[in-house]
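K.L.:
One structure coming up, written as structure tokens, with questions to follow.
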Amino acid sequence: MGTRYVPFGYEITDGALAVIPQEERLVKSAFELYISGKSFKSIADRFTMTGIEYREGKPDWNKNMIKRMIENERYCGKDDYPQIIPAELFKQANELKSKKQLDIDEEKASLDKFIRQNTVCGKCGSRIHRNKHGRYANAYVIIDCANDQCGETSIRESVLHEIILSRINELIDNPILAEPESNSQVIDRAGIEQNCLSIT
Ligand SMILES: [Zn+2]
């Protein structure tokens, strides 16, 4: 028999589930901080500073620990666990989480679409290929030139995202860069449209 796993905030004493008061306070504050708009990451950082361990030997909190905490229905009394979080607060937190996820998905989908439609190889002007590698949390996308003869090196899509975002920030700070004669190398809409027309 292995040790039975109980979520953070609980322990089994004399065969019964009990709340650990010090940890209970942290669980409550995770929900309250999340509702107030704090991110999983920033809550995790605060918890690490308290010195209270997530599990024995795990003093460093990460955002996934907080996420799993917010999703864990046992905190509002499921499976005969002593209730720590009122049902209403639990619901509020999880609705907020779904909404944030939707926003992220939408943003990401529109950025992916933008990249697919507007990115061409900087060397030969051909369309790009997006190739998925890895699985699950380790998945990433490599972008390379669709033209086999080109020989342009590939780039991780996440790196391209960062370049695009920094270009957008540059444009916001300095709108004159958007003039046609600017020598933008990464995103050059006029050039892109010309290239696409000449290919298709
Ligand atoms: Zn190329």
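Identifiers for the structure tokens are assigned positionally: chains receive A, B, ... in sequence, residues are indexed from 1 per chain, and ligands are indexed from 1 in the order shown.
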Which residues form the shell of 9 Å around ligand 1 when you count only C-alpha atoms and all ligand atoms, given as a PDB file with N, CA and C atoms, in the first residue's frame?
P.N.:
ATOM      1  N   VAL A 120       6.311  35.388 -45.144  1.00  0.00           N
ATOM      2  CA  VAL A 120       6.989  34.720 -46.254  1.00  0.00           C
ATOM      3  C   VAL A 120       8.474  34.645 -45.899  1.00  0.00           C
ATOM      4  N   CYS A 121       9.189  33.789 -46.581  1.00  0.00           N
ATOM      5  CA  CYS A 121      10.619  33.650 -46.348  1.00  0.00           C
ATOM      6  C   CYS A 121      11.325  34.977 -46.644  1.00  0.00           C
ATOM      7  N   GLY A 122      12.178  35.389 -45.709  1.00  0.00           N
ATOM      8  CA  GLY A 122      12.879  36.658 -45.883  1.00  0.00           C
ATOM      9  C   GLY A 122      13.938  36.604 -46.970  1.00  0.00           C
ATOM     10  N   LYS A 123      14.319  35.394 -47.375  1.00  0.00           N
ATOM     11  CA  LYS A 123      15.389  35.247 -48.359  1.00  0.00           C
ATOM     12  C   LYS A 123      14.827  35.151 -49.780  1.00  0.00           C
ATOM     13  N   CYS A 124      13.865  34.225 -49.986  1.00  0.00           N
ATOM     14  CA  CYS A 124      13.380  34.006 -51.344  1.00  0.00           C
ATOM     15  C   CYS A 124      11.933  34.445 -51.544  1.00  0.00           C
ATOM     16  N   GLY A 125      11.225  34.753 -50.459  1.00  0.00           N
ATOM     17  CA  GLY A 125       9.855  35.238 -50.603  1.00  0.00           C
ATOM     18  C   GLY A 125       8.806  34.149 -50.735  1.00  0.00           C
ATOM     19  N   SER A 126       9.215  32.874 -50.614  1.00  0.00           N
ATOM     20  CA  SER A 126       8.229  31.791 -50.709  1.00  0.00           C
ATOM     21  C   SER A 126       7.360  31.750 -49.465  1.00  0.00           C
ATOM     22  N   ARG A 127       6.269  30.993 -49.581  1.00  0.00           N
ATOM     23  CA  ARG A 127       5.430  30.777 -48.409  1.00  0.00           C
ATOM     24  C   ARG A 127       6.203  29.963 -47.371  1.00  0.00           C
ATOM     25  N   ILE A 128       5.642  29.935 -46.169  1.00  0.00           N
ATOM     26  CA  ILE A 128       6.318  29.194 -45.095  1.00  0.00           C
ATOM     27  C   ILE A 128       5.590  27.894 -44.774  1.00  0.00           C
ATOM     28  N   ASP A 144       9.700  26.965 -41.477  1.00  0.00           N
ATOM     29  CA  ASP A 144      10.778  27.085 -42.456  1.00  0.00           C
ATOM     30  C   ASP A 144      10.228  27.389 -43.842  1.00  0.00           C
ATOM     31  N   CYS A 145      11.132  27.646 -44.740  1.00  0.00           N
ATOM     32  CA  CYS A 145      10.753  28.062 -46.084  1.00  0.00           C
ATOM     33  C   CYS A 145      10.193  26.871 -46.861  1.00  0.00           C
ATOM     34  N   ALA A 146       9.103  27.109 -47.602  1.00  0.00           N
ATOM     35  CA  ALA A 146       8.467  26.028 -48.363  1.00  0.00           C
ATOM     36  C   ALA A 146       9.270  25.672 -49.615  1.00  0.00           C
ATOM     37  N   ASN A 147      10.193  26.524 -49.970  1.00  0.00           N
ATOM     38  CA  ASN A 147      10.996  26.311 -51.169  1.00  0.00           C
ATOM     39  C   ASN A 147      12.249  25.487 -50.832  1.00  0.00           C
ATOM     40  N   ASP A 148      12.259  24.240 -51.276  1.00  0.00           N
ATOM     41  CA  ASP A 148      13.373  23.331 -50.946  1.00  0.00           C
ATOM     42  C   ASP A 148      14.722  23.856 -51.431  1.00  0.00           C
ATOM     43  N   GLN A 149      14.713  24.632 -52.507  1.00  0.00           N
ATOM     44  CA  GLN A 149      15.965  25.127 -53.085  1.00  0.00           C
ATOM     45  C   GLN A 149      16.567  26.298 -52.300  1.00  0.00           C
ATOM     46  N   CYS A 150      15.756  26.865 -51.389  1.00  0.00           N
ATOM     47  CA  CYS A 150      16.164  28.132 -50.767  1.00  0.00           C
ATOM     48  C   CYS A 150      17.297  27.974 -49.756  1.00  0.00           C
ATOM     49  N   GLY A 151      17.177  26.994 -48.866  1.00  0.00           N
ATOM     50  CA  GLY A 151      18.232  26.781 -47.874  1.00  0.00           C
ATOM     51  C   GLY A 151      18.199  27.747 -46.706  1.00  0.00           C
ATOM     52  N   GLU A 152      17.134  28.509 -46.587  1.00  0.00           N
ATOM     53  CA  GLU A 152      17.014  29.419 -45.444  1.00  0.00           C
ATOM     54  C   GLU A 152      16.887  28.598 -44.158  1.00  0.00           C
ATOM     55  N   THR A 153      17.502  29.082 -43.073  1.00  0.00           N
ATOM     56  CA  THR A 153      17.391  28.340 -41.813  1.00  0.00           C
ATOM     57  C   THR A 153      16.005  28.504 -41.210  1.00  0.00           C
TER      58      THR A 153
END
K.L.:
Please identify every residue of range 5-25 of chain A that has at least one atom no farther than 10 Å from an atom of range 63-77 of chain A, counting only C-alpha atoms, and for each give the shortest atom pair and the distance in Å to one decimal, arranged by chain then increasing number, as a Markdown table.
P.N.:
| residue | atom | partner | partner_atom | distance |
| --- | --- | --- | --- | --- |
| A:Val6 | CA | A:Arg74 | CA | 9.8 |
| A:Pro7 | CA | A:Met69 | CA | 8.2 |
| A:Phe8 | CA | A:Met69 | CA | 8.0 |
| A:Gly9 | CA | A:Tyr75 | CA | 8.6 |
| A:Tyr10 | CA | A:Tyr75 | CA | 9.5 |
| A:Glu24 | CA | A:Tyr75 | CA | 9.4 |
K.L.:
From the DSSP assignment of the backbone, select every residue of range 27-195 of chain A that is strand (DSSP E), and format the answer as an mmCIF file with C-alpha atoms, in the first residue's frame.
P.N.:
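Okay, selection-v5.cif is ready:
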data_model
loop_
_atom_site.group_PDB
_atom_site.id
_atom_site.type_symbol
_atom_site.label_atom_id
_atom_site.label_comp_id
_atom_site.auth_asym_id
_atom_site.auth_seq_id
_atom_site.Cartn_x
_atom_site.Cartn_y
_atom_site.Cartn_z
ATOM 1 C CA ILE A 128 6.318 29.194 -45.095
ATOM 2 C CA HIS A 129 5.751 25.728 -43.636
ATOM 3 C CA ARG A 130 4.669 25.211 -40.032
ATOM 4 C CA ASN A 131 5.849 21.876 -38.658
ATOM 5 C CA LYS A 132 4.807 20.616 -35.245
ATOM 6 C CA HIS A 133 7.372 18.814 -33.113
ATOM 7 C CA TYR A 140 6.586 23.466 -30.441
ATOM 8 C CA VAL A 141 6.307 24.643 -34.015
ATOM 9 C CA ILE A 142 9.179 25.142 -36.411
ATOM 10 C CA ILE A 143 8.734 27.480 -39.334
ATOM 11 C CA ASP A 144 10.778 27.085 -42.456
ATOM 12 C CA CYS A 145 10.753 28.062 -46.084
ATOM 13 C CA ILE A 155 12.957 29.409 -36.761
ATOM 14 C CA ARG A 156 10.846 28.410 -33.785
#
K.L.:
Which one of A:Arg25, A:Glu56, A:Lys78, A:Lys97 sits closest to Lys38 in chain A if you count only C-alpha atoms?
P.N.:
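Once distances to Lys38 in chain A are computed over only C-alpha atoms, the minimum belongs to A:Lys97.
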K.L.:
List every residue of range 17-78 of chain A that DSSP, applied to the backbone, labels as alpha helix (DSSP H), and write the result as a PyMOL selection string.
P.N.:
chain A and resi 21-35+40-50+63-71
K.L.:
Write out the residues from the selection above, keeping N, CA and C atoms, as a compact mmCIF listing (two decimals), in the first residue's frame.
P.N.:
# COMPACT_ATOMS: atom_id res chain seq x y z
N PRO A 21 -4.70 23.88 9.35
CA PRO A 21 -5.07 25.30 9.37
C PRO A 21 -4.11 26.22 8.60
N GLN A 22 -2.80 26.00 8.77
CA GLN A 22 -1.82 26.86 8.09
C GLN A 22 -1.96 26.76 6.57
N GLU A 23 -2.19 25.55 6.08
CA GLU A 23 -2.34 25.35 4.64
C GLU A 23 -3.71 25.82 4.15
N GLU A 24 -4.70 25.67 4.99
CA GLU A 24 -6.05 26.13 4.65
C GLU A 24 -6.03 27.62 4.32
N ARG A 25 -5.28 28.37 5.12
CA ARG A 25 -5.19 29.82 4.87
C ARG A 25 -4.62 30.11 3.49
N LEU A 26 -3.64 29.30 3.09
CA LEU A 26 -3.03 29.50 1.78
C LEU A 26 -4.01 29.15 0.65
N VAL A 27 -4.75 28.06 0.84
CA VAL A 27 -5.73 27.68 -0.18
C VAL A 27 -6.74 28.81 -0.37
N LYS A 28 -7.24 29.33 0.77
CA LYS A 28 -8.20 30.44 0.68
C LYS A 28 -7.60 31.64 -0.04
N SER A 29 -6.36 31.96 0.32
CA SER A 29 -5.79 33.16 -0.29
C SER A 29 -5.50 32.92 -1.78
N ALA A 30 -5.23 31.66 -2.18
CA ALA A 30 -5.05 31.39 -3.62
C ALA A 30 -6.32 31.77 -4.38
N PHE A 31 -7.47 31.34 -3.87
CA PHE A 31 -8.74 31.65 -4.55
C PHE A 31 -9.01 33.15 -4.53
N GLU A 32 -8.76 33.78 -3.38
CA GLU A 32 -9.05 35.21 -3.29
C GLU A 32 -8.13 36.03 -4.20
N LEU A 33 -6.85 35.67 -4.21
CA LEU A 33 -5.91 36.40 -5.07
C LEU A 33 -6.26 36.20 -6.54
N TYR A 34 -6.66 34.96 -6.88
CA TYR A 34 -6.99 34.68 -8.28
C TYR A 34 -8.20 35.49 -8.73
N ILE A 35 -9.22 35.51 -7.89
CA ILE A 35 -10.43 36.30 -8.18
C ILE A 35 -10.08 37.79 -8.33
N PHE A 40 -1.67 32.81 -11.95
CA PHE A 40 -1.17 31.62 -11.25
C PHE A 40 0.29 31.82 -10.84
N LYS A 41 1.05 32.37 -11.78
CA LYS A 41 2.48 32.55 -11.56
C LYS A 41 2.75 33.48 -10.37
N SER A 42 2.03 34.60 -10.31
CA SER A 42 2.33 35.55 -9.24
C SER A 42 1.87 35.00 -7.89
N ILE A 43 0.79 34.21 -7.89
CA ILE A 43 0.35 33.57 -6.64
C ILE A 43 1.40 32.55 -6.20
N ALA A 44 1.91 31.78 -7.17
CA ALA A 44 2.94 30.78 -6.87
C ALA A 44 4.17 31.45 -6.24
N ASP A 45 4.59 32.58 -6.82
CA ASP A 45 5.76 33.29 -6.30
C ASP A 45 5.54 33.75 -4.85
N ARG A 46 4.33 34.25 -4.58
CA ARG A 46 4.03 34.65 -3.20
C ARG A 46 4.09 33.47 -2.25
N PHE A 47 3.56 32.34 -2.70
CA PHE A 47 3.52 31.17 -1.82
C PHE A 47 4.93 30.65 -1.53
N THR A 48 5.80 30.73 -2.53
CA THR A 48 7.18 30.29 -2.31
C THR A 48 7.81 31.13 -1.19
N MET A 49 7.46 32.43 -1.17
CA MET A 49 8.03 33.32 -0.16
C MET A 49 7.54 33.01 1.25
N THR A 50 6.38 32.35 1.36
CA THR A 50 5.87 32.05 2.71
C THR A 50 6.71 30.97 3.38
N LYS A 63 3.21 27.64 -11.25
CA LYS A 63 1.85 28.03 -11.64
C LYS A 63 0.90 26.83 -11.81
N ASN A 64 1.46 25.66 -12.17
CA ASN A 64 0.59 24.49 -12.33
C ASN A 64 0.01 24.02 -11.00
N MET A 65 0.78 24.19 -9.93
CA MET A 65 0.27 23.83 -8.60
C MET A 65 -0.94 24.70 -8.26
N ILE A 66 -0.84 25.98 -8.56
CA ILE A 66 -1.95 26.90 -8.26
C ILE A 66 -3.14 26.58 -9.16
N LYS A 67 -2.86 26.29 -10.42
CA LYS A 67 -3.93 25.97 -11.36
C LYS A 67 -4.71 24.74 -10.87
N ARG A 68 -3.97 23.69 -10.49
CA ARG A 68 -4.63 22.47 -10.02
C ARG A 68 -5.43 22.73 -8.75
N MET A 69 -4.93 23.65 -7.94
CA MET A 69 -5.63 24.01 -6.70
C MET A 69 -6.98 24.66 -7.04
N ILE A 70 -6.94 25.60 -7.96
CA ILE A 70 -8.17 26.32 -8.34
C ILE A 70 -9.19 25.35 -8.97
N GLU A 71 -8.68 24.31 -9.64
CA GLU A 71 -9.58 23.36 -10.32
C GLU A 71 -10.10 22.24 -9.41
K.L.:
Fewer than 6 positions away in the same chain doesn't count, so skip those; otherwise give me all residues within 12 Å of Asp112 in chain A, counting only C-alpha atoms, as number ranges by chain.
P.N.:
A: 105-106, 118-119, 130, 141, 143, 157-158, 160-161, 164
